[in-house]
file upload-v6.cif (mmCIF, C-alpha atoms (C1' of nucleotides))
data_target
#
loop_
_atom_site.label_atom_id
_atom_site.label_comp_id
_atom_site.auth_asym_id
_atom_site.auth_seq_id
_atom_site.Cartn_x
_atom_site.Cartn_y
_atom_site.Cartn_z
CA MET D 1 114.98 124.42 164.39
CA LYS D 2 117.36 125.51 167.05
CA TYR D 3 117.85 128.92 168.56
CA SER D 4 121.35 128.49 169.94
CA HIS D 5 124.25 130.82 169.31
CA ARG D 6 126.89 128.68 170.96
CA LEU D 7 128.76 128.37 167.69
CA SER D 8 128.69 132.13 167.20
CA ASP D 9 129.98 132.75 170.70
CA ALA D 10 132.73 130.17 170.26
CA VAL D 11 133.88 131.81 167.04
CA HIS D 12 133.66 135.12 168.85
CA ILE D 13 136.01 133.84 171.55
CA LEU D 14 138.53 132.56 169.03
CA THR D 15 138.32 135.79 167.09
CA TYR D 16 138.89 137.79 170.25
CA ILE D 17 141.99 135.74 171.00
CA GLY D 18 143.22 135.87 167.43
CA ALA D 19 142.54 139.51 166.64
CA THR D 20 145.54 140.80 168.56
CA GLU D 21 145.63 143.74 166.19
CA ILE D 22 142.50 145.32 167.66
CA VAL D 23 142.09 143.72 171.08
CA GLU D 24 143.76 144.94 174.24
CA ASP D 25 145.94 142.64 176.23
CA ASP D 26 143.42 141.24 178.69
CA LEU D 27 142.43 137.72 177.69
CA SER D 28 140.59 136.80 180.88
CA SER D 29 137.22 135.10 180.63
CA ARG D 30 135.77 138.25 182.12
CA ALA D 31 137.16 140.46 179.38
CA ILE D 32 136.00 138.09 176.66
CA ALA D 33 132.56 137.84 178.26
CA GLY D 34 132.44 141.63 178.13
CA SER D 35 132.86 141.54 174.38
CA ILE D 36 130.15 138.94 173.96
CA ASN D 37 127.85 140.63 176.47
CA SER D 38 127.62 137.40 178.34
CA ASN D 39 129.19 136.05 181.51
CA PRO D 40 132.60 134.57 182.29
CA SER D 41 131.21 131.18 183.19
CA LEU D 42 129.72 130.66 179.75
CA VAL D 43 132.99 131.71 178.20
CA ARG D 44 134.96 129.29 180.31
CA ARG D 45 132.62 126.45 179.46
CA LEU D 46 132.94 127.09 175.74
CA MET D 47 136.70 127.45 176.11
CA SER D 48 136.74 124.08 177.82
CA SER D 49 135.28 122.49 174.69
CA LEU D 50 137.65 124.43 172.45
CA LYS D 51 140.55 123.26 174.57
CA ASN D 52 139.42 119.63 174.39
CA ALA D 53 139.30 119.98 170.62
CA GLY D 54 142.86 121.21 170.58
CA LEU D 55 142.05 124.67 169.28
CA ILE D 56 143.29 126.69 172.24
CA SER D 57 145.74 126.33 175.10
CA SER D 58 145.25 127.66 178.59
CA GLU D 59 146.36 127.10 182.13
CA PRO D 60 144.53 127.29 185.43
CA GLY D 61 145.09 130.51 187.28
CA ARG D 62 146.57 132.47 184.40
CA ALA D 63 144.60 134.68 182.08
CA ALA D 64 146.76 133.66 179.17
CA VAL D 65 144.74 131.67 176.66
CA SER D 66 146.23 131.31 173.18
CA LEU D 67 145.40 129.66 169.89
CA SER D 68 146.99 126.25 169.41
CA LYS D 69 147.17 126.72 165.64
CA SER D 70 147.44 129.69 163.34
CA THR D 71 144.20 131.38 162.35
CA ASP D 72 144.28 129.94 158.85
CA GLU D 73 144.54 126.43 160.23
CA ILE D 74 141.36 126.72 162.27
CA THR D 75 138.19 126.25 160.22
CA LEU D 76 134.56 126.88 161.01
CA LEU D 77 134.14 123.12 160.80
CA ASP D 78 136.68 122.64 163.58
CA VAL D 79 134.71 124.97 165.82
CA TYR D 80 131.42 123.40 164.85
CA LYS D 81 132.66 119.94 165.73
CA ALA D 82 134.12 121.18 168.98
CA ILE D 83 130.97 122.91 170.13
CA GLU D 84 127.81 121.60 168.51
CA GLU D 85 125.95 118.39 168.14
CA PRO D 86 127.33 116.60 165.11
CA ASP D 87 124.07 116.53 163.13
CA LEU D 88 122.25 119.47 161.59
CA PHE D 89 119.06 117.45 161.20
CA HIS D 90 117.53 114.80 163.37
CA VAL D 91 115.67 111.71 162.29
CA ASP D 92 112.61 110.71 164.26
CA GLU D 93 113.74 107.39 165.70
CA GLU D 94 110.32 106.49 167.12
CA THR D 95 108.41 105.77 163.93
CA ASN D 96 106.06 102.81 163.74
CA GLN D 97 108.06 99.80 162.61
CA GLN D 98 104.84 97.93 161.79
CA CYS D 99 104.10 100.41 159.00
CA PRO D 100 105.91 100.05 155.67
CA VAL D 101 106.65 103.77 155.68
CA GLY D 102 107.54 104.03 159.36
CA ALA D 103 109.87 101.06 159.07
CA ASN D 104 111.85 102.43 156.16
CA ILE D 105 111.72 106.22 156.45
CA GLN D 106 114.55 106.43 158.95
CA SER D 107 117.25 105.05 156.71
CA ALA D 108 115.95 107.08 153.78
CA LEU D 109 116.17 110.25 155.84
CA HIS D 110 119.59 109.42 157.22
CA LYS D 111 120.83 109.00 153.67
CA ALA D 112 119.34 112.32 152.57
CA TYR D 113 120.55 114.21 155.62
CA ASP D 114 124.04 112.79 155.26
CA GLU D 115 124.33 114.31 151.80
CA VAL D 116 123.32 117.75 153.05
CA GLN D 117 125.54 117.45 156.10
CA GLN D 118 128.53 116.52 153.99
CA GLN D 119 128.19 119.55 151.72
CA ALA D 120 127.64 121.86 154.66
CA GLU D 121 130.80 120.51 156.25
CA VAL D 122 132.77 120.95 153.06
CA GLU D 123 131.68 124.57 153.01
CA MET D 124 132.47 125.04 156.70
CA SER D 125 135.92 123.64 156.15
CA LYS D 126 136.58 126.34 153.57
CA ILE D 127 135.99 129.15 156.04
CA THR D 128 138.88 129.83 158.38
CA LEU D 129 139.30 131.86 161.51
CA SER D 130 141.65 133.96 159.46
CA ASP D 131 138.74 134.96 157.20
CA ILE D 132 136.61 135.93 160.18
CA VAL D 133 139.38 137.88 161.86
CA LYS D 134 140.09 139.70 158.63
CA ASP D 135 136.45 140.70 158.22
CA VAL D 136 136.30 141.93 161.80
CA VAL D 137 139.51 143.89 161.57
CA ASP D 138 138.47 145.39 158.24
CA GLY D 139 135.08 146.28 159.63
CA ASN D 140 136.75 148.01 162.52
CA LYS D 141 139.03 149.97 160.23
CA LYS D 142 136.09 151.08 158.14
CA ALA D 143 134.20 152.18 161.24
CA LEU D 144 137.13 154.27 162.38
CA SER D 145 137.71 155.96 159.05
CA MET U 146 121.68 122.68 168.75
CA LYS U 147 118.12 121.69 168.48
CA TYR U 148 116.64 118.32 168.91
CA SER U 149 113.61 118.70 166.68
CA HIS U 150 112.41 116.17 164.17
CA ARG U 151 109.70 118.33 162.62
CA LEU U 152 111.39 118.15 159.25
CA SER U 153 111.61 114.37 159.46
CA ASP U 154 107.96 114.08 160.40
CA ALA U 155 106.94 116.41 157.59
CA VAL U 156 108.86 114.34 155.05
CA HIS U 157 107.29 111.27 156.61
CA ILE U 158 103.82 112.71 156.02
CA LEU U 159 104.57 113.53 152.40
CA THR U 160 106.10 110.11 151.88
CA TYR U 161 103.06 108.47 153.36
CA ILE U 162 100.83 110.39 150.98
CA GLY U 163 103.09 109.76 148.00
CA ALA U 164 103.90 106.11 148.56
CA THR U 165 100.56 104.85 147.29
CA GLU U 166 102.29 101.66 146.26
CA ILE U 167 102.75 100.46 149.83
CA VAL U 168 100.23 102.45 151.87
CA GLU U 169 96.61 101.48 152.34
CA ASP U 170 93.88 103.85 151.38
CA ASP U 171 93.35 105.69 154.68
CA LEU U 172 94.95 109.14 154.54
CA SER U 173 93.38 110.51 157.70
CA SER U 174 95.56 112.40 160.16
CA ARG U 175 94.96 109.53 162.55
CA ALA U 176 96.31 106.94 160.14
CA ILE U 177 99.36 109.05 159.32
CA ALA U 178 99.97 109.70 163.01
CA GLY U 179 99.92 105.94 163.49
CA SER U 180 102.79 105.58 161.04
CA ILE U 181 104.81 108.28 162.76
CA ASN U 182 103.92 107.03 166.23
CA SER U 183 102.70 110.46 167.08
CA ASN U 184 99.29 112.05 167.36
CA PRO U 185 96.79 113.39 164.85
CA SER U 186 97.03 116.95 166.09
CA LEU U 187 100.74 117.17 165.37
CA VAL U 188 100.14 115.76 161.92
CA ARG U 189 97.42 118.29 161.20
CA ARG U 190 99.62 121.15 162.36
CA LEU U 191 102.46 120.06 160.10
CA MET U 192 100.03 119.51 157.24
CA SER U 193 98.79 123.04 157.76
CA SER U 194 102.29 124.34 157.05
CA LEU U 195 102.72 122.03 154.09
CA LYS U 196 99.40 123.24 152.73
CA ASN U 197 100.39 126.90 153.14
CA ALA U 198 103.56 126.14 151.20
CA GLY U 199 101.51 124.68 148.35
CA LEU U 200 102.84 121.16 148.72
CA ILE U 201 99.59 119.40 149.57
CA SER U 202 95.88 119.94 149.08
CA SER U 203 93.19 119.04 151.57
CA GLU U 204 89.66 119.91 152.53
CA PRO U 205 87.95 120.18 155.89
CA GLY U 206 85.94 117.13 156.81
CA ARG U 207 87.40 114.81 154.20
CA ALA U 208 90.30 112.47 154.82
CA ALA U 209 91.54 113.04 151.31
CA VAL U 210 94.85 114.86 151.37
CA SER U 211 96.91 114.75 148.19
CA LEU U 212 100.19 116.06 146.86
CA SER U 213 99.90 119.30 144.90
CA LYS U 214 102.88 118.39 142.72
CA SER U 215 104.47 115.18 141.56
CA THR U 216 106.99 113.58 143.89
CA ASP U 217 109.94 114.61 141.73
CA GLU U 218 108.85 118.24 141.88
CA ILE U 219 108.93 118.39 145.67
CA THR U 220 112.42 118.80 147.08
CA LEU U 221 113.77 118.50 150.59
CA LEU U 222 114.39 122.24 150.39
CA ASP U 223 110.70 122.87 149.77
CA VAL U 224 109.80 120.93 152.89
CA TYR U 225 112.55 122.58 154.91
CA LYS U 226 111.33 126.03 153.97
CA ALA U 227 107.74 125.09 154.69
CA ILE U 228 108.47 123.71 158.15
CA GLU U 229 111.66 125.00 159.68
CA GLU U 230 113.23 128.27 160.64
CA PRO U 231 115.08 129.58 157.61
CA ASP U 232 118.54 129.64 159.18
CA LEU U 233 120.64 126.66 160.17
CA PHE U 234 122.90 128.83 162.35
CA HIS U 235 122.12 131.82 164.49
CA VAL U 236 124.26 134.87 165.08
CA ASP U 237 124.39 136.24 168.60
CA GLU U 238 122.79 139.64 168.07
CA GLU U 239 123.57 140.90 171.58
CA THR U 240 127.32 141.34 171.32
CA ASN U 241 128.98 144.39 172.84
CA GLN U 242 128.99 147.14 170.23
CA GLN U 243 131.57 149.08 172.24
CA CYS U 244 134.16 146.36 171.60
CA PRO U 245 135.92 146.20 168.21
CA VAL U 246 135.26 142.49 168.03
CA GLY U 247 131.71 142.60 169.35
CA ALA U 248 130.83 145.39 166.95
CA ASN U 249 132.04 143.55 163.85
CA ILE U 250 131.65 139.86 164.54
CA GLN U 251 127.97 139.76 163.61
CA SER U 252 128.40 140.71 159.98
CA ALA U 253 131.44 138.44 159.67
CA LEU U 254 129.41 135.52 160.98
CA HIS U 255 126.40 136.30 158.81
CA LYS U 256 128.67 136.23 155.80
CA ALA U 257 130.20 132.91 156.78
CA TYR U 258 126.88 131.30 157.68
CA ASP U 259 125.32 132.46 154.44
CA GLU U 260 127.90 130.54 152.47
CA VAL U 261 127.21 127.36 154.39
CA GLN U 262 123.48 127.86 154.20
CA GLN U 263 123.59 128.34 150.47
CA GLN U 264 125.47 125.11 149.84
CA ALA U 265 123.21 123.20 152.20
CA GLU U 266 120.19 124.52 150.33
CA VAL U 267 121.71 123.58 146.98
CA GLU U 268 122.13 120.07 148.28
CA MET U 269 118.62 119.98 149.73
CA SER U 270 117.21 121.08 146.40
CA LYS U 271 118.81 118.06 144.75
CA ILE U 272 116.92 115.60 146.94
CA THR U 273 113.33 115.01 145.91
CA LEU U 274 110.40 113.32 147.55
CA SER U 275 110.67 110.87 144.69
CA ASP U 276 114.10 109.79 145.97
CA ILE U 277 112.77 109.31 149.48
CA VAL U 278 109.71 107.39 148.35
CA LYS U 279 111.88 105.16 146.20
CA ASP U 280 114.20 104.36 149.09
CA VAL U 281 111.26 103.57 151.33
CA VAL U 282 109.53 101.37 148.76
CA ASP U 283 112.78 99.57 147.97
CA GLY U 284 113.47 99.08 151.65
CA ASN U 285 110.05 97.58 152.06
CA LYS U 286 110.56 95.22 149.12
CA LYS U 287 113.85 94.07 150.53
CA ALA U 288 112.30 93.46 153.93
CA LEU U 289 109.58 91.31 152.38
CA SER U 290 111.91 89.22 150.26
"C1'" DC Y 291 148.91 136.26 202.21
"C1'" DC Y 292 145.83 138.16 198.97
"C1'" DA Y 293 143.77 139.24 194.73
"C1'" DC Y 294 142.72 137.19 190.67
"C1'" DC Y 295 142.39 133.56 187.61
"C1'" DT Y 296 140.71 128.86 185.52
"C1'" DG Y 297 137.94 124.76 185.40
"C1'" DT Y 298 133.92 122.63 186.85
"C1'" DT Y 299 129.43 121.95 188.74
"C1'" DA Y 300 124.82 123.26 190.16
"C1'" DT Y 301 120.66 125.87 189.95
"C1'" DC Y 302 117.29 128.98 187.82
"C1'" DT Y 303 114.91 130.96 184.02
"C1'" DT Y 304 113.36 130.95 179.57
"C1'" DA Y 305 112.43 129.20 174.93
"C1'" DT Y 306 110.99 125.56 172.01
"C1'" DA Y 307 109.19 120.95 170.51
"C1'" DT Y 308 106.04 117.75 171.23
"C1'" DG Y 309 101.95 115.46 173.36
"C1'" DT Y 310 97.37 115.99 174.28
"C1'" DA Y 311 92.80 117.81 174.62
"C1'" DA Y 312 89.18 120.60 173.09
"C1'" DC Y 313 86.13 122.61 169.86
"C1'" DA Y 314 84.02 124.86 165.76
"C1'" DT Y 315 82.95 123.39 161.46
"C1'" DG Y 316 82.67 120.44 157.16
"C1'" DT Y 317 81.44 115.77 155.05
"C1'" DT Y 318 79.24 111.54 154.31
"C1'" DA Y 319 76.27 107.84 154.81
"C1'" DA Y 320 72.52 105.62 157.07
"C1'" DT I 321 68.39 114.90 159.87
"C1'" DT I 322 71.20 112.70 162.61
"C1'" DA I 323 75.45 110.19 163.83
"C1'" DA I 324 80.08 109.31 163.02
"C1'" DC I 325 84.10 111.03 161.58
"C1'" DA I 326 87.01 114.30 159.44
"C1'" DT I 327 89.89 118.84 159.26
"C1'" DG I 328 91.78 123.13 161.06
"C1'" DT I 329 92.92 125.70 164.91
"C1'" DT I 330 93.83 126.94 169.61
"C1'" DA I 331 95.20 126.11 174.29
"C1'" DC I 332 97.67 123.93 177.77
"C1'" DA I 333 101.02 120.51 179.97
"C1'" DT I 334 105.38 118.38 179.78
"C1'" DA I 335 110.19 117.52 178.48
"C1'" DT I 336 114.41 119.18 176.83
"C1'" DA I 337 118.00 122.40 176.01
"C1'" DA I 338 120.38 127.02 176.15
"C1'" DG I 339 121.86 130.58 178.62
"C1'" DA I 340 122.45 133.43 183.07
"C1'" DT I 341 124.25 133.18 187.28
"C1'" DA I 342 126.46 131.63 191.46
"C1'" DA I 343 129.64 128.91 193.86
"C1'" DC I 344 133.89 126.77 194.84
"C1'" DA I 345 138.26 124.01 194.63
"C1'" DG I 346 142.55 124.84 193.21
"C1'" DG I 347 146.40 127.36 190.53
"C1'" DT I 348 149.20 131.81 189.92
"C1'" DG I 349 151.79 135.71 191.04
"C1'" DG I 350 152.70 139.97 193.20
#

call {"tool": "encode", "arguments": {"input": "upload-v6.cif", "output": "structure tokens"}}
result
Amino acid sequence: MKYSHRLSDAVHILTYIGATEIVEDDLSSRAIAGSINSNPSLVRRLMSSLKNAGLISSEPGRAAVSLSKSTDEITLLDVYKAIEEPDLFHVDEETNQQCPVGANIQSALHKAYDEVQQQAEVEMSKITLSDIVKDVVDGNKKALS
Amino acid sequence: MKYSHRLSDAVHILTYIGATEIVEDDLSSRAIAGSINSNPSLVRRLMSSLKNAGLISSEPGRAAVSLSKSTDEITLLDVYKAIEEPDLFHVDEETNQQCPVGANIQSALHKAYDEVQQQAEVEMSKITLSDIVKDVVDGNKKALS
DNA sequence: CCACCTGTTATCTTATATGTAACATGTTAA
DNA sequence: TTAACATGTTACATATAAGATAACAGGTGG
């Protein structure tokens, strides 16, 4: 399947912004990139998608990004839809239409994949940024104790 | 995300083998590749994985592949596990361990992804090859009427 | 004015999926 | 036994996508 961690990095960004309890004041793309061990350009590109999805607010020139909603109003599904391709699985659209199987397998697969996708999305919608932030903050507390 | 249709092609292969009602007798990798609009080598590689997973039986030299179980005993989850990487989502394992967020985001994400993965797998286990074959056969009937 | 930022685009490298070819080996029928 | 054809496996070429990185126009604020 895929080997991308875009979704993880996007959640990381949101968590960094939302975890004010344990993060210093600097919310520049450089500081966030430092936490991810990546580079500021990647962070800004992901933030661009998050901004388009209405999850964060930012302004040119000012290192002052903020969440547009509270952490318990932002779900993993919101981030997923903002960042990733919509479909977890992909149907082969080039099958042989002259073959009884090739001509009918696409719709059968779409139907099956839709059912899986729907349940995955239901589950993603149950997980909020608040949950993630809590786990991170708790993990940090435990590490310090 | 990824843009692979390995899973779709694998289901296609199994459907081709299982849909004896509408498929002619030739079960060679060449014939199956013709239905997928792909090539015999790809089909043989996927069949190799399906064979390792105990879903099909075949012998060298003979174009006589067969399902190792009945179509309602083979689930989409079986095929997924035979063919794909196990995880739908990937955690960025390179985050900065010196940062409170970077040090704790990985386990938080693993936990969240596990919940989604589990529900997706439950849903995949509900879909059988029998369902797919039925949809394909019905689609073919409808097209002929 | 200057240092720093965002937002966007472009390029490079690398990883993966797929297409394709090749080949050792097994099978079957003439 | 030979020819035709099959599987199973490996190797290589190509296309696509992710991520690293650089660059730059323009905004911000001391």

call {"tool": "closest_atom_pairs", "arguments": {"input": "upload-v6.cif", "of": "chain Y", "to": "region 22-42 of chain D", "cutoff": "12 Å", "atoms": "all atoms listed in the file", "output": "tab-separated table"}}
result
residue	atom	partner	partner_atom	distance
Y:DC294	C1'	D:Ser28	CA	10.0
Y:DC295	C1'	D:Ser28	CA	7.7
Y:DT296	C1'	D:Ser29	CA	8.7
Y:DG297	C1'	D:Ser41	CA	9.6
Y:DT298	C1'	D:Ser41	CA	9.7
Y:DT299	C1'	D:Ser41	CA	10.9

call {"tool": "residues_near_point", "arguments": {"input": "upload-v6.cif", "point": "(142.7, 135.8, 156.3)", "cutoff": "12 Å", "atoms": "all atoms listed in the file", "output": "PyMOL selection string"}}
result
chain D and resi 15+18-19+70-75+126-138

call {"tool": "resolve_selection", "arguments": {"input": "upload-v6.cif", "expression": "the PyMOL selection byres ((chain U and resi 232) around 10)", "output": "list in words"}}
result
Met1, Lys2 and Tyr3 of chain D; Lys226, Glu229, Glu230, Pro231, Leu233, Phe234, His235, Val236, Tyr258, Asp259 and Gln262 of chain U

call {"tool": "closest_residue", "arguments": {"input": "upload-v6.cif", "among": "D:Gly61, D:Pro100, D:Gly139, D:Gly54", "to": "chain I", "atoms": "only C-alpha atoms (C1' of nucleotides)"}}
result
D:Gly61

call {"tool": "closest_residue", "arguments": {"input": "upload-v6.cif", "among": "I:DT348, I:DT327, I:DT336, I:DT322", "to": "chain D", "atoms": "all atoms listed in the file"}}
result
I:DT348

call {"tool": "closest_atom_pairs", "arguments": {"input": "upload-v6.cif", "of": "chain D", "to": "chain Y", "cutoff": "7 Å", "atoms": "all atoms listed in the file", "output": "tab-separated table"}}
result
residue	atom	partner	partner_atom	distance
D:Glu59	CA	Y:DT296	C1'	6.8
D:Pro60	CA	Y:DT296	C1'	4.1
D:Gly61	CA	Y:DC295	C1'	4.1
D:Arg62	CA	Y:DC295	C1'	5.4
D:Ala63	CA	Y:DC295	C1'	6.1

call {"tool": "atom_distance", "arguments": {"input": "upload-v6.cif", "atom1": "CA of Ile250 (chain U)", "atom2": "CA of Glu121 (chain D)"}}
result
21.1 Å

call {"tool": "resolve_selection", "arguments": {"input": "upload-v6.cif", "expression": "the PyMOL selection byres ((chain I) within 9 of (chain D))", "output": "MDAnalysis selection string"}}
result
chainID I and resid 338:341 346:348

call {"tool": "resolve_selection", "arguments": {"input": "upload-v6.cif", "expression": "the PyMOL selection byres ((chain D and resi 82) around 10)", "output": "list in words"}}
result
Leu7, Ala10, Leu46, Met47, Ser48, Ser49, Leu50, Lys51, Asn52, Ala53, Gly54, Leu55, Leu76, Leu77, Asp78, Val79, Tyr80, Lys81, Ile83, Glu84, Glu85 and Pro86 of chain D

call {"tool": "axis_aligned_box", "arguments": {"input": "upload-v6.cif", "around": "region 35-54 of chain D", "padding_each_side": "3 Å", "output": "AutoDock Vina command-line options"}}
result
--center_x 135.2 --center_y 130.6 --center_z 176.9 --size_x 21.2 --size_y 27.9 --size_z 18.6

call {"tool": "atom_distance", "arguments": {"input": "upload-v6.cif", "atom1": "CA of Gly102 (chain D)", "atom2": "CA of Leu159 (chain U)"}}
result
12.1 Å

call {"tool": "atom_distance", "arguments": {"input": "upload-v6.cif", "atom1": "CA of Leu254 (chain U)", "atom2": "CA of Met124 (chain D)"}}
result
11.7 Å

call {"tool": "closest_residue", "arguments": {"input": "upload-v6.cif", "among": "D:Ser58, D:Ser125, D:Asn140, D:Ser68", "to": "chain U", "atoms": "only C-alpha atoms"}}
result
D:Asn140

call {"tool": "closest_residue", "arguments": {"input": "upload-v6.cif", "among": "D:Ala64, D:Glu21, D:Ser145, D:Lys69", "to": "chain U", "atoms": "all atoms listed in the file"}}
result
D:Glu21

call {"tool": "decode", "arguments": {"input": "upload-v6.cif", "residues": "region 328-346 of chain I", "atoms": "C-alpha atoms (C1' of nucleotides)", "output": "PDB file, in the first residue's frame"}}
result
ATOM      1  C1'  DG I 328       7.378 -19.730 -10.362  1.00  0.00           C
ATOM      2  C1'  DT I 329      10.891 -16.564  -9.769  1.00  0.00           C
ATOM      3  C1'  DT I 330      14.124 -12.932 -10.684  1.00  0.00           C
ATOM      4  C1'  DA I 331      15.746  -8.819 -12.887  1.00  0.00           C
ATOM      5  C1'  DC I 332      15.275  -4.540 -14.986  1.00  0.00           C
ATOM      6  C1'  DA I 333      12.817  -0.326 -16.987  1.00  0.00           C
ATOM      7  C1'  DT I 334       9.354   3.018 -16.390  1.00  0.00           C
ATOM      8  C1'  DA I 335       5.880   5.916 -14.126  1.00  0.00           C
ATOM      9  C1'  DT I 336       4.160   7.949 -10.102  1.00  0.00           C
ATOM     10  C1'  DA I 337       4.243   9.931  -5.628  1.00  0.00           C
ATOM     11  C1'  DA I 338       6.376  11.495  -1.157  1.00  0.00           C
ATOM     12  C1'  DG I 339       9.584  13.962   0.987  1.00  0.00           C
ATOM     13  C1'  DA I 340      13.892  17.070   1.232  1.00  0.00           C
ATOM     14  C1'  DT I 341      15.440  21.171  -0.112  1.00  0.00           C
ATOM     15  C1'  DA I 342      15.921  25.657  -2.215  1.00  0.00           C
ATOM     16  C1'  DA I 343      14.129  29.821  -3.861  1.00  0.00           C
ATOM     17  C1'  DC I 344      11.403  33.843  -3.898  1.00  0.00           C
ATOM     18  C1'  DA I 345       7.498  37.238  -3.760  1.00  0.00           C
ATOM     19  C1'  DG I 346       5.321  39.529  -0.424  1.00  0.00           C
TER      20       DG I 346
END
